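S.K.: Sharing input.cif below, mmCIF, C-alpha atoms (C1' of nucleotides):
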data_start
loop_
_atom_site.label_atom_id
_atom_site.label_comp_id
_atom_site.auth_asym_id
_atom_site.auth_seq_id
_atom_site.Cartn_x
_atom_site.Cartn_y
_atom_site.Cartn_z
CA MET T 10 0.00 0.00 0.00
CA ASP T 11 1.47 3.29 -1.06
CA ILE T 12 0.62 6.62 0.51
CA GLU T 13 -1.81 7.63 -2.24
CA SER T 14 -3.95 4.56 -1.66
CA TRP T 15 -3.89 5.25 2.05
CA LYS T 16 -5.11 8.78 1.43
CA SER T 17 -8.15 7.34 -0.34
CA GLN T 18 -8.88 5.36 2.78
CA LEU T 19 -8.40 8.33 5.10
CA ARG T 20 -10.83 10.35 3.01
CA LYS T 21 -13.65 7.85 3.46
CA GLY T 22 -16.55 9.50 5.20
CA ALA T 23 -15.07 12.97 4.82
CA ALA T 24 -16.92 13.79 1.60
CA GLU T 25 -20.30 13.23 3.22
CA LEU T 26 -19.48 15.47 6.16
CA ALA T 27 -17.99 18.12 3.88
CA VAL T 28 -20.95 18.19 1.48
CA LEU T 29 -23.56 18.43 4.22
CA SER T 30 -21.52 21.17 5.92
CA ILE T 31 -21.36 23.23 2.75
CA LEU T 32 -25.01 22.73 1.86
CA LYS T 33 -25.97 23.83 5.35
CA GLY T 34 -24.79 27.30 4.37
CA ARG T 35 -26.70 27.41 1.09
CA PRO T 36 -28.16 25.22 -1.66
CA MET T 37 -25.74 24.49 -4.46
CA SER T 38 -25.26 22.48 -7.63
CA GLY T 39 -22.83 19.58 -8.00
CA ILE T 40 -20.46 21.65 -10.07
CA ALA T 41 -20.56 24.48 -7.55
CA LEU T 42 -19.77 22.02 -4.78
CA LEU T 43 -16.78 20.69 -6.70
CA ASP T 44 -15.60 24.20 -7.32
CA HIS T 45 -16.01 25.11 -3.66
CA VAL T 46 -13.99 22.14 -2.40
CA LYS T 47 -11.28 22.47 -5.05
CA ALA T 48 -9.19 24.65 -2.77
CA TYR T 49 -8.97 21.94 -0.08
CA SER T 50 -6.39 19.63 -1.60
CA GLU T 51 -6.42 16.92 1.05
CA ILE T 52 -10.16 16.38 0.60
CA GLY T 53 -9.66 15.73 -3.10
CA LEU T 54 -13.30 15.41 -4.09
CA SER T 55 -13.90 14.37 -7.71
CA ASP T 56 -17.15 14.23 -9.63
CA GLY T 57 -17.02 10.45 -9.76
CA THR T 58 -17.17 10.49 -5.98
CA LEU T 59 -19.57 13.39 -5.57
CA TYR T 60 -22.49 12.35 -7.78
CA PRO T 61 -22.94 8.88 -6.29
CA LEU T 62 -22.69 10.52 -2.87
CA LEU T 63 -25.39 13.08 -3.70
CA LYS T 64 -27.58 10.27 -4.98
CA ARG T 65 -27.20 8.36 -1.70
CA LEU T 66 -27.91 11.49 0.34
CA ASP T 67 -31.02 12.13 -1.75
CA ARG T 68 -32.18 8.52 -1.46
CA ASP T 69 -31.75 8.69 2.34
CA GLY T 70 -33.62 11.98 2.59
CA ARG T 71 -30.70 14.09 3.75
CA VAL T 72 -30.74 16.36 0.70
CA THR T 73 -33.19 17.06 -2.10
CA GLY T 74 -32.15 17.73 -5.68
CA ASN T 75 -34.20 20.05 -7.89
CA TRP T 76 -33.66 21.01 -11.52
CA GLN T 77 -33.61 24.71 -12.08
CA LEU T 78 -33.37 27.02 -15.07
CA PRO T 79 -30.64 29.61 -14.58
CA ASP T 80 -31.77 33.25 -14.82
CA ALA T 81 -29.17 34.04 -17.43
CA GLY T 82 -30.35 31.25 -19.73
CA GLY T 83 -28.30 28.18 -20.52
CA ARG T 84 -28.84 24.57 -19.59
CA PRO T 85 -30.67 23.56 -16.40
CA THR T 86 -28.63 22.68 -13.31
CA LYS T 87 -29.66 20.51 -10.39
CA THR T 88 -29.57 22.34 -7.09
CA TYR T 89 -29.17 20.38 -3.87
CA THR T 90 -30.69 21.51 -0.60
CA ILE T 91 -30.10 20.04 2.86
CA THR T 92 -33.19 18.71 4.65
CA LYS T 93 -34.14 18.58 8.31
CA ASP T 94 -32.90 14.98 8.48
CA GLY T 95 -29.71 16.13 6.79
CA GLU T 96 -29.16 18.76 9.44
CA ASP T 97 -29.73 16.21 12.19
CA ALA T 98 -27.21 13.87 10.59
CA LEU T 99 -24.77 16.73 10.19
CA ARG T 100 -24.96 17.55 13.88
CA ALA T 101 -24.18 13.95 14.85
CA MET T 102 -21.37 13.72 12.32
CA ARG T 103 -19.82 16.97 13.48
CA ALA T 104 -19.75 15.75 17.07
CA THR T 105 -18.16 12.49 15.96
CA TRP T 106 -15.60 14.32 13.87
CA VAL T 107 -14.56 16.53 16.78
CA GLY T 108 -14.04 13.50 19.02
CA PHE T 109 -12.29 11.51 16.33
CA ARG T 110 -9.96 14.38 15.53
CA LYS T 111 -9.00 14.77 19.17
CA ASP T 112 -8.44 11.05 19.74
CA LEU T 113 -6.31 10.57 16.65
CA SER T 114 -4.37 13.79 17.26
CA ASP T 115 -3.61 12.63 20.79
CA ILE T 116 -2.31 9.29 19.54
CA VAL T 117 -0.34 10.74 16.66
CA GLY T 118 1.02 13.43 18.91
CA ASP T 119 1.18 16.12 16.25
CA GLU T 120 1.77 19.38 18.02
CA MET H 269 -26.52 4.87 6.22
CA ASP H 270 -26.80 5.32 9.95
CA ILE H 271 -24.22 7.16 11.99
CA GLU H 272 -22.55 3.97 13.23
CA SER H 273 -21.84 2.81 9.68
CA TRP H 274 -20.53 6.24 8.85
CA LYS H 275 -18.15 6.05 11.82
CA SER H 276 -16.70 2.85 10.35
CA GLN H 277 -16.00 4.76 7.17
CA LEU H 278 -14.43 7.71 8.97
CA ARG H 279 -12.14 5.34 10.84
CA LYS H 280 -10.68 3.89 7.67
CA GLY H 281 -6.99 4.62 7.50
CA ALA H 282 -6.88 5.81 11.10
CA ALA H 283 -5.88 2.44 12.54
CA GLU H 284 -2.75 2.28 10.43
CA LEU H 285 -1.65 5.77 11.42
CA ALA H 286 -2.47 5.11 15.07
CA VAL H 287 -0.60 1.80 15.25
CA LEU H 288 2.53 3.14 13.60
CA SER H 289 2.45 6.20 15.87
CA ILE H 290 2.27 4.05 18.99
CA LEU H 291 4.94 1.62 17.83
CA LYS H 292 7.26 4.54 17.10
CA GLY H 293 7.43 5.09 20.84
CA ARG H 294 8.18 1.47 21.71
CA PRO H 295 7.70 -2.09 20.50
CA MET H 296 4.50 -3.66 21.72
CA SER H 297 2.33 -6.76 21.40
CA GLY H 298 -1.09 -6.84 19.76
CA ILE H 299 -2.82 -7.12 23.09
CA ALA H 300 -0.82 -4.21 24.48
CA LEU H 301 -1.77 -2.10 21.46
CA LEU H 302 -5.45 -2.89 21.96
CA ASP H 303 -5.15 -2.00 25.60
CA HIS H 304 -3.35 1.24 24.78
CA VAL H 305 -5.99 2.39 22.29
CA LYS H 306 -8.93 1.31 24.45
CA ALA H 307 -9.14 4.75 26.03
CA TYR H 308 -9.72 6.47 22.66
CA SER H 309 -13.36 5.65 22.06
CA GLU H 310 -13.70 7.24 18.61
CA ILE H 311 -10.87 5.11 17.25
CA GLY H 312 -12.64 1.94 18.34
CA LEU H 313 -9.93 -0.53 17.36
CA SER H 314 -10.90 -4.20 17.73
CA ASP H 315 -8.74 -7.30 17.43
CA GLY H 316 -10.49 -8.31 14.22
CA THR H 317 -9.23 -5.07 12.73
CA LEU H 318 -5.82 -5.00 14.36
CA TYR H 319 -4.41 -8.42 13.49
CA PRO H 320 -5.07 -8.23 9.76
CA LEU H 321 -3.58 -4.73 9.85
CA LEU H 322 -0.43 -5.91 11.62
CA LYS H 323 -0.10 -8.68 9.07
CA ARG H 324 -0.29 -6.19 6.20
CA LEU H 325 2.22 -3.89 7.87
CA ASP H 326 4.57 -6.85 8.37
CA ARG H 327 4.13 -8.03 4.79
CA ASP H 328 4.90 -4.51 3.53
CA GLY H 329 7.98 -4.20 5.72
CA ARG H 330 6.71 -1.42 7.93
CA VAL H 331 6.84 -3.47 11.13
CA THR H 332 8.43 -6.75 12.16
CA GLY H 333 6.81 -9.24 14.51
CA ASN H 334 8.91 -11.41 16.83
CA TRP H 335 7.76 -14.04 19.29
CA GLN H 336 9.03 -13.56 22.80
CA LEU H 337 8.82 -15.45 26.07
CA PRO H 338 7.61 -13.21 28.88
CA ASP H 339 9.90 -12.99 31.91
CA ALA H 340 7.15 -13.70 34.39
CA GLY H 341 6.02 -16.86 32.63
CA GLY H 342 2.80 -17.25 30.72
CA ARG H 343 2.30 -17.85 27.02
CA PRO H 344 4.55 -16.30 24.36
CA THR H 345 3.55 -12.97 22.86
CA LYS H 346 4.44 -11.49 19.51
CA THR H 347 6.11 -8.12 19.81
CA TYR H 348 5.88 -5.70 16.90
CA THR H 349 8.61 -3.20 16.11
CA ILE H 350 8.45 -0.37 13.61
CA THR H 351 11.07 -0.46 10.82
CA LYS H 352 12.88 2.28 8.93
CA ASP H 353 10.32 2.00 6.13
CA GLY H 354 7.59 2.18 8.74
CA GLU H 355 9.02 5.41 10.11
CA ASP H 356 9.22 6.89 6.63
CA ALA H 357 5.60 5.95 5.98
CA LEU H 358 4.60 7.36 9.35
CA ARG H 359 6.20 10.71 8.53
CA ALA H 360 4.27 10.95 5.25
CA MET H 361 1.03 9.88 6.90
CA ARG H 362 1.43 12.38 9.72
CA ALA H 363 1.90 15.22 7.25
CA THR H 364 -1.18 14.09 5.33
CA TRP H 365 -3.21 13.82 8.51
CA VAL H 366 -2.29 17.34 9.58
CA GLY H 367 -3.36 18.73 6.21
CA PHE H 368 -6.51 16.65 6.07
CA ARG H 369 -7.52 17.68 9.57
CA LYS H 370 -7.09 21.34 8.72
CA ASP H 371 -8.99 21.13 5.44
CA LEU H 372 -11.94 19.24 6.87
CA SER H 373 -12.04 21.43 9.99
CA ASP H 374 -12.13 24.51 7.78
CA ILE H 375 -15.04 23.14 5.78
CA VAL H 376 -16.96 21.84 8.76
CA GLY H 377 -16.31 25.06 10.60
CA ASP H 378 -16.07 23.52 14.04
CA GLU H 379 -14.72 26.13 16.37
"C1'" DA Y 149 -8.60 -34.28 33.57
"C1'" DA Y 150 -11.38 -30.70 32.30
"C1'" DT Y 151 -12.27 -26.00 31.98
"C1'" DT Y 152 -11.23 -21.30 31.44
"C1'" DA Y 153 -8.57 -17.42 29.90
"C1'" DA Y 154 -5.17 -15.10 27.00
"C1'" DA Y 155 -3.17 -13.98 22.69
"C1'" DC Y 156 -3.37 -14.51 18.15
"C1'" DC Y 157 -5.59 -15.19 13.80
"C1'" DT Y 158 -9.22 -16.03 9.76
"C1'" DT Y 159 -13.44 -15.48 6.90
"C1'" DG Y 160 -17.12 -13.08 4.67
"C1'" DC Y 161 -19.62 -8.98 4.05
"C1'" DA Y 162 -20.72 -4.04 3.38
"C1'" DT Y 163 -19.25 0.34 1.85
"C1'" DA Y 164 -16.94 4.47 -0.15
"C1'" DA Y 165 -13.28 6.43 -3.15
"C1'" DC Y 166 -11.53 6.47 -7.61
"C1'" DA Y 167 -10.50 6.00 -12.63
"C1'" DA Y 168 -12.54 5.76 -16.76
"C1'" DG Y 169 -16.15 5.78 -19.08
"C1'" DT Y 170 -21.22 7.84 -20.88
"C1'" DT Y 171 -25.15 11.07 -22.04
"C1'" DA Y 172 -27.51 15.28 -23.26
"C1'" DA Y 173 -27.74 20.05 -23.98
"C1'" DA Y 174 -25.58 24.39 -25.11
"C1'" DT Y 175 -22.01 26.97 -27.22
"C1'" DT Y 176 -18.43 27.87 -30.46
"C1'" DG Y 177 -15.96 27.61 -34.94
"C1'" DT Y 178 -15.99 27.37 -39.92
"C1'" DA I 223 -26.17 25.19 -41.28
"C1'" DC I 224 -23.16 21.72 -39.57
"C1'" DA I 225 -19.53 19.83 -36.84
"C1'" DA I 226 -16.75 20.07 -32.88
"C1'" DT I 227 -16.24 21.29 -28.28
"C1'" DT I 228 -17.67 22.27 -23.57
"C1'" DT I 229 -20.54 21.81 -19.55
"C1'" DA I 230 -23.11 19.38 -16.04
"C1'" DA I 231 -24.70 15.29 -14.60
"C1'" DC I 232 -24.26 10.54 -14.13
"C1'" DT I 233 -22.60 5.25 -14.39
"C1'" DT I 234 -19.63 1.15 -14.00
"C1'" DG I 235 -16.05 -1.76 -12.19
"C1'" DT I 236 -12.23 -2.21 -9.12
"C1'" DT I 237 -10.04 -2.01 -4.69
"C1'" DA I 238 -9.15 -1.75 0.17
"C1'" DT I 239 -10.52 -1.39 4.92
"C1'" DG I 240 -13.39 -1.92 9.03
"C1'" DC I 241 -16.14 -5.11 11.45
"C1'" DA I 242 -18.76 -9.10 13.33
"C1'" DA I 243 -18.42 -13.65 14.22
"C1'" DG I 244 -16.11 -17.11 14.31
"C1'" DG I 245 -11.57 -20.34 15.18
"C1'" DT I 246 -6.81 -22.01 17.17
"C1'" DT I 247 -3.20 -22.63 20.38
"C1'" DT I 248 -0.98 -22.37 24.79
"C1'" DA I 249 -0.86 -21.62 29.76
"C1'" DA I 250 -3.06 -21.32 34.06
"C1'" DT I 251 -6.69 -22.72 37.09
"C1'" DT I 252 -10.06 -25.55 39.20
#
As structure tokens, what does this structure read like?

M.R.:
Amino acid sequence: MDIESWKSQLRKGAAELAVLSILKGRPMSGIALLDHVKAYSEIGLSDGTLYPLLKRLDRDGRVTGNWQLPDAGGRPTKTYTITKDGEDALRAMRATWVGFRKDLSDIVGDE
Amino acid sequence: MDIESWKSQLRKGAAELAVLSILKGRPMSGIALLDHVKAYSEIGLSDGTLYPLLKRLDRDGRVTGNWQLPDAGGRPTKTYTITKDGEDALRAMRATWVGFRKDLSDIVGDE
DNA sequence: AATTAAACCTTGCATAACAAGTTAAATTGT
DNA sequence: ACAATTTAACTTGTTATGCAAGGTTTAATT
């Protein structure tokens, strides 16, 4: 196992938390989400990861996707909005993340 | 996906980083590792996860396992020691973890 | 002798990330 | 007008890990 493969493992679960966190602020399309996360290199979200994730979140009732016609014309985009269940899940995931981060940081001992 | 299943996903990759970090301090048996990590509830390392992991790390030359007879009697235990390659891998993983933690914390916005 | 406990290990399953593809609609170039 | 490209969304197949639920071996205990 090289380090790149390990990074893929470390990232598991992170995309879901990241997407719900961003959508909590405001509804957004898939492309806009990708653009928003692009700056965070260690998250490394690609469209092949994002769209299946959005589909799962929609199926589980944590987000809803709605097609919308942009004001300026052009092709329709699908805008995703977090639901009440999504916000509940986000709260639980945030609490878990905070605990996980502390535990692993304590073990790793990074200053 | 319930929160417990999501936790299993979040933990992926963490066990490897945690085990190498602990072994960097001192060689240790599997049981001792489990006992050491027991306090960190969000890591949640079980023996069914640890032993296959140690086997992979041994196969990849990141640790070496050696059977030893305990001074005080009792059954032999296998003591794992981190190797040079293991320390190199640990350095790279630590750096990744620090960046990952920052990126996800920034997105999640936990204070 | 039989049972329990300790330490180690194996098997099978579920799941997400990723690379590499695909589709459909809009825009651009000639 | 037609072809080529771009954009946004999506699909498929592979891979690796965590985990539950088992199993094995050795030593200590009853």

S.K.: Go ahead and align chain T to chain H (same sequence, so just pair every C-alpha in order, least squares) and export the moved chain as an mmCIF file with C-alpha atoms, in the coordinates of the input.

M.R.:
data_model
loop_
_atom_site.group_PDB
_atom_site.id
_atom_site.type_symbol
_atom_site.label_atom_id
_atom_site.label_comp_id
_atom_site.auth_asym_id
_atom_site.auth_seq_id
_atom_site.Cartn_x
_atom_site.Cartn_y
_atom_site.Cartn_z
ATOM 1 C CA MET T 10 -26.687 4.741 6.173
ATOM 2 C CA ASP T 11 -26.867 5.305 9.883
ATOM 3 C CA ILE T 12 -24.268 7.170 11.893
ATOM 4 C CA GLU T 13 -22.567 4.014 13.174
ATOM 5 C CA SER T 14 -21.861 2.807 9.655
ATOM 6 C CA TRP T 15 -20.529 6.227 8.776
ATOM 7 C CA LYS T 16 -18.172 6.088 11.736
ATOM 8 C CA SER T 17 -16.697 2.885 10.318
ATOM 9 C CA GLN T 18 -15.991 4.763 7.130
ATOM 10 C CA LEU T 19 -14.463 7.750 8.911
ATOM 11 C CA ARG T 20 -12.141 5.430 10.802
ATOM 12 C CA LYS T 21 -10.649 3.968 7.633
ATOM 13 C CA GLY T 22 -6.954 4.670 7.523
ATOM 14 C CA ALA T 23 -6.867 5.874 11.117
ATOM 15 C CA ALA T 24 -5.882 2.509 12.591
ATOM 16 C CA GLU T 25 -2.745 2.328 10.471
ATOM 17 C CA LEU T 26 -1.635 5.808 11.468
ATOM 18 C CA ALA T 27 -2.462 5.156 15.119
ATOM 19 C CA VAL T 28 -0.602 1.834 15.289
ATOM 20 C CA LEU T 29 2.543 3.159 13.636
ATOM 21 C CA SER T 30 2.454 6.214 15.920
ATOM 22 C CA ILE T 31 2.255 4.071 19.033
ATOM 23 C CA LEU T 32 4.910 1.615 17.899
ATOM 24 C CA LYS T 33 7.225 4.517 17.168
ATOM 25 C CA GLY T 34 7.393 5.073 20.918
ATOM 26 C CA ARG T 35 8.112 1.446 21.782
ATOM 27 C CA PRO T 36 7.627 -2.129 20.566
ATOM 28 C CA MET T 37 4.421 -3.714 21.763
ATOM 29 C CA SER T 38 2.227 -6.780 21.436
ATOM 30 C CA GLY T 39 -1.192 -6.820 19.773
ATOM 31 C CA ILE T 40 -2.956 -7.066 23.091
ATOM 32 C CA ALA T 41 -0.932 -4.188 24.502
ATOM 33 C CA LEU T 42 -1.835 -2.092 21.480
ATOM 34 C CA LEU T 43 -5.525 -2.828 21.966
ATOM 35 C CA ASP T 44 -5.234 -1.949 25.605
ATOM 36 C CA HIS T 45 -3.420 1.285 24.800
ATOM 37 C CA VAL T 46 -6.037 2.464 22.300
ATOM 38 C CA LYS T 47 -9.000 1.408 24.441
ATOM 39 C CA ALA T 48 -9.198 4.841 26.020
ATOM 40 C CA TYR T 49 -9.742 6.560 22.647
ATOM 41 C CA SER T 50 -13.377 5.741 22.003
ATOM 42 C CA GLU T 51 -13.718 7.319 18.574
ATOM 43 C CA ILE T 52 -10.874 5.196 17.202
ATOM 44 C CA GLY T 53 -12.666 2.033 18.275
ATOM 45 C CA LEU T 54 -9.973 -0.458 17.341
ATOM 46 C CA SER T 55 -10.963 -4.121 17.723
ATOM 47 C CA ASP T 56 -8.802 -7.205 17.433
ATOM 48 C CA GLY T 57 -10.551 -8.246 14.243
ATOM 49 C CA THR T 58 -9.293 -5.024 12.710
ATOM 50 C CA LEU T 59 -5.889 -4.937 14.366
ATOM 51 C CA TYR T 60 -4.477 -8.366 13.507
ATOM 52 C CA PRO T 61 -5.121 -8.169 9.764
ATOM 53 C CA LEU T 62 -3.635 -4.673 9.881
ATOM 54 C CA LEU T 63 -0.482 -5.876 11.655
ATOM 55 C CA LYS T 64 -0.170 -8.649 9.097
ATOM 56 C CA ARG T 65 -0.339 -6.142 6.227
ATOM 57 C CA LEU T 66 2.194 -3.862 7.915
ATOM 58 C CA ASP T 67 4.515 -6.831 8.411
ATOM 59 C CA ARG T 68 4.067 -8.013 4.825
ATOM 60 C CA ASP T 69 4.889 -4.493 3.565
ATOM 61 C CA GLY T 70 7.956 -4.216 5.777
ATOM 62 C CA ARG T 71 6.688 -1.419 7.988
ATOM 63 C CA VAL T 72 6.785 -3.488 11.176
ATOM 64 C CA THR T 73 8.357 -6.776 12.202
ATOM 65 C CA GLY T 74 6.696 -9.260 14.529
ATOM 66 C CA ASN T 75 8.784 -11.445 16.839
ATOM 67 C CA TRP T 76 7.659 -14.111 19.292
ATOM 68 C CA GLN T 77 9.017 -13.612 22.744
ATOM 69 C CA LEU T 78 8.909 -15.499 26.024
ATOM 70 C CA PRO T 79 7.809 -13.238 28.866
ATOM 71 C CA ASP T 80 10.246 -12.980 31.795
ATOM 72 C CA ALA T 81 7.584 -13.929 34.287
ATOM 73 C CA GLY T 82 6.739 -17.151 32.450
ATOM 74 C CA GLY T 83 3.451 -17.761 30.698
ATOM 75 C CA ARG T 84 2.660 -18.124 27.034
ATOM 76 C CA PRO T 85 4.740 -16.402 24.340
ATOM 77 C CA THR T 86 3.528 -13.085 22.922
ATOM 78 C CA LYS T 87 4.352 -11.558 19.563
ATOM 79 C CA THR T 88 6.020 -8.184 19.847
ATOM 80 C CA TYR T 89 5.795 -5.733 16.963
ATOM 81 C CA THR T 90 8.538 -3.253 16.185
ATOM 82 C CA ILE T 91 8.429 -0.386 13.685
ATOM 83 C CA THR T 92 11.041 -0.497 10.913
ATOM 84 C CA LYS T 93 12.877 2.236 9.049
ATOM 85 C CA ASP T 94 10.341 1.975 6.215
ATOM 86 C CA GLY T 95 7.597 2.168 8.820
ATOM 87 C CA GLU T 96 9.018 5.383 10.194
ATOM 88 C CA ASP T 97 9.236 6.860 6.706
ATOM 89 C CA ALA T 98 5.616 5.938 6.051
ATOM 90 C CA LEU T 99 4.617 7.375 9.403
ATOM 91 C CA ARG T 100 6.212 10.704 8.571
ATOM 92 C CA ALA T 101 4.306 10.940 5.282
ATOM 93 C CA MET T 102 1.057 9.885 6.917
ATOM 94 C CA ARG T 103 1.444 12.396 9.720
ATOM 95 C CA ALA T 104 1.924 15.219 7.234
ATOM 96 C CA THR T 105 -1.144 14.086 5.313
ATOM 97 C CA TRP T 106 -3.179 13.842 8.486
ATOM 98 C CA VAL T 107 -2.279 17.382 9.533
ATOM 99 C CA GLY T 108 -3.347 18.756 6.151
ATOM 100 C CA PHE T 109 -6.480 16.652 6.016
ATOM 101 C CA ARG T 110 -7.499 17.698 9.505
ATOM 102 C CA LYS T 111 -7.085 21.363 8.654
ATOM 103 C CA ASP T 112 -8.971 21.127 5.358
ATOM 104 C CA LEU T 113 -11.909 19.232 6.805
ATOM 105 C CA SER T 114 -12.030 21.424 9.916
ATOM 106 C CA ASP T 115 -12.133 24.505 7.707
ATOM 107 C CA ILE T 116 -15.028 23.107 5.689
ATOM 108 C CA VAL T 117 -16.950 21.827 8.680
ATOM 109 C CA GLY T 118 -16.316 25.056 10.502
ATOM 110 C CA ASP T 119 -16.098 23.519 13.955
ATOM 111 C CA GLU T 120 -14.704 26.153 16.242
#

S.K.: Write out as CSV a residue-level contact list of chain T versus chain Y with cut-off 12 Å: for each qualifying residue the closest pair of atoms and the distance in Å to one decimal, counting only C-alpha atoms (C1' of nucleotides), rows sorted by chain and residue number upward.

M.R.:
residue,atom,partner,partner_atom,distance
T:Glu13,CA,Y:DC166,C1',11.2
T:Ser14,CA,Y:DA165,C1',9.6
T:Trp15,CA,Y:DA165,C1',10.8
T:Lys16,CA,Y:DA165,C1',9.7
T:Ser17,CA,Y:DA165,C1',5.9
T:Gln18,CA,Y:DA165,C1',7.5
T:Leu19,CA,Y:DA165,C1',9.8
T:Arg20,CA,Y:DA165,C1',7.7
T:Lys21,CA,Y:DA164,C1',5.9
T:Gly22,CA,Y:DA164,C1',7.4
T:Ala23,CA,Y:DA164,C1',10.0
T:Ala24,CA,Y:DA164,C1',9.5
T:Glu25,CA,Y:DA164,C1',10.0
T:Ile52,CA,Y:DA165,C1',11.1
T:Gly53,CA,Y:DA165,C1',10.0
T:Leu54,CA,Y:DA165,C1',9.0
T:Ser55,CA,Y:DC166,C1',8.2
T:Asp56,CA,Y:DC166,C1',9.8
T:Gly57,CA,Y:DC166,C1',7.1
T:Thr58,CA,Y:DA165,C1',6.3
T:Leu59,CA,Y:DA165,C1',9.7
T:Tyr60,CA,Y:DA165,C1',11.9
T:Pro61,CA,Y:DA164,C1',9.7
T:Leu62,CA,Y:DA164,C1',8.8
T:Arg65,CA,Y:DA164,C1',11.1
T:Gly82,CA,Y:DA174,C1',9.9
T:Gly83,CA,Y:DA174,C1',6.5
T:Arg84,CA,Y:DA173,C1',6.4
T:Pro85,CA,Y:DA173,C1',8.9
T:Thr86,CA,Y:DA173,C1',11.0

S.K.: Record the distance separating atom CA of Leu29 of chain T and atom CA of Leu99 of chain T, expressed in Å with one decimal.

M.R.: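 Result for atom CA of Leu29 of chain T versus atom CA of Leu99 of chain T: 6.3 Å, one decimal.
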
S.K.: I'd like to see the residues matched by the PyMOL selection byres ((chain I) within 8 of (chain H)) on this file, and ideally I'd get them as an MDAnalysis selection string.

M.R.: chainID I and resid 239:241 248:250

S.K.: Pull out every residue of chain H that has at least one atom within 9 Å of chain T, counting only C-alpha atoms, and report them as number ranges by chain.

M.R.: H: 269-271, 274-282, 284-290, 305, 307-311, 324, 328, 357, 360-362, 364-378

S.K.: If you measure from atom CA of Arg294 of chain H to atom CA of Thr332 of chain H, what distance in Å do you get, rounded to one decimal?

M.R.: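 A separation of 12.6 Å between them.
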
S.K.: Would you work out the distance separating atom CA of Ile350 of chain H from atom CA of Asp303 of chain H, expressed in Å to one decimal?

M.R.: 18.2 Å

S.K.: Can you tell me which residues surround Asn75 of chain T at a distance of at most 10 Å, considering all atoms listed in the file, apart from same-chain residues fewer than 5 positions away, and format the answer as number ranges by chain?

M.R.: T: 38, 85-90
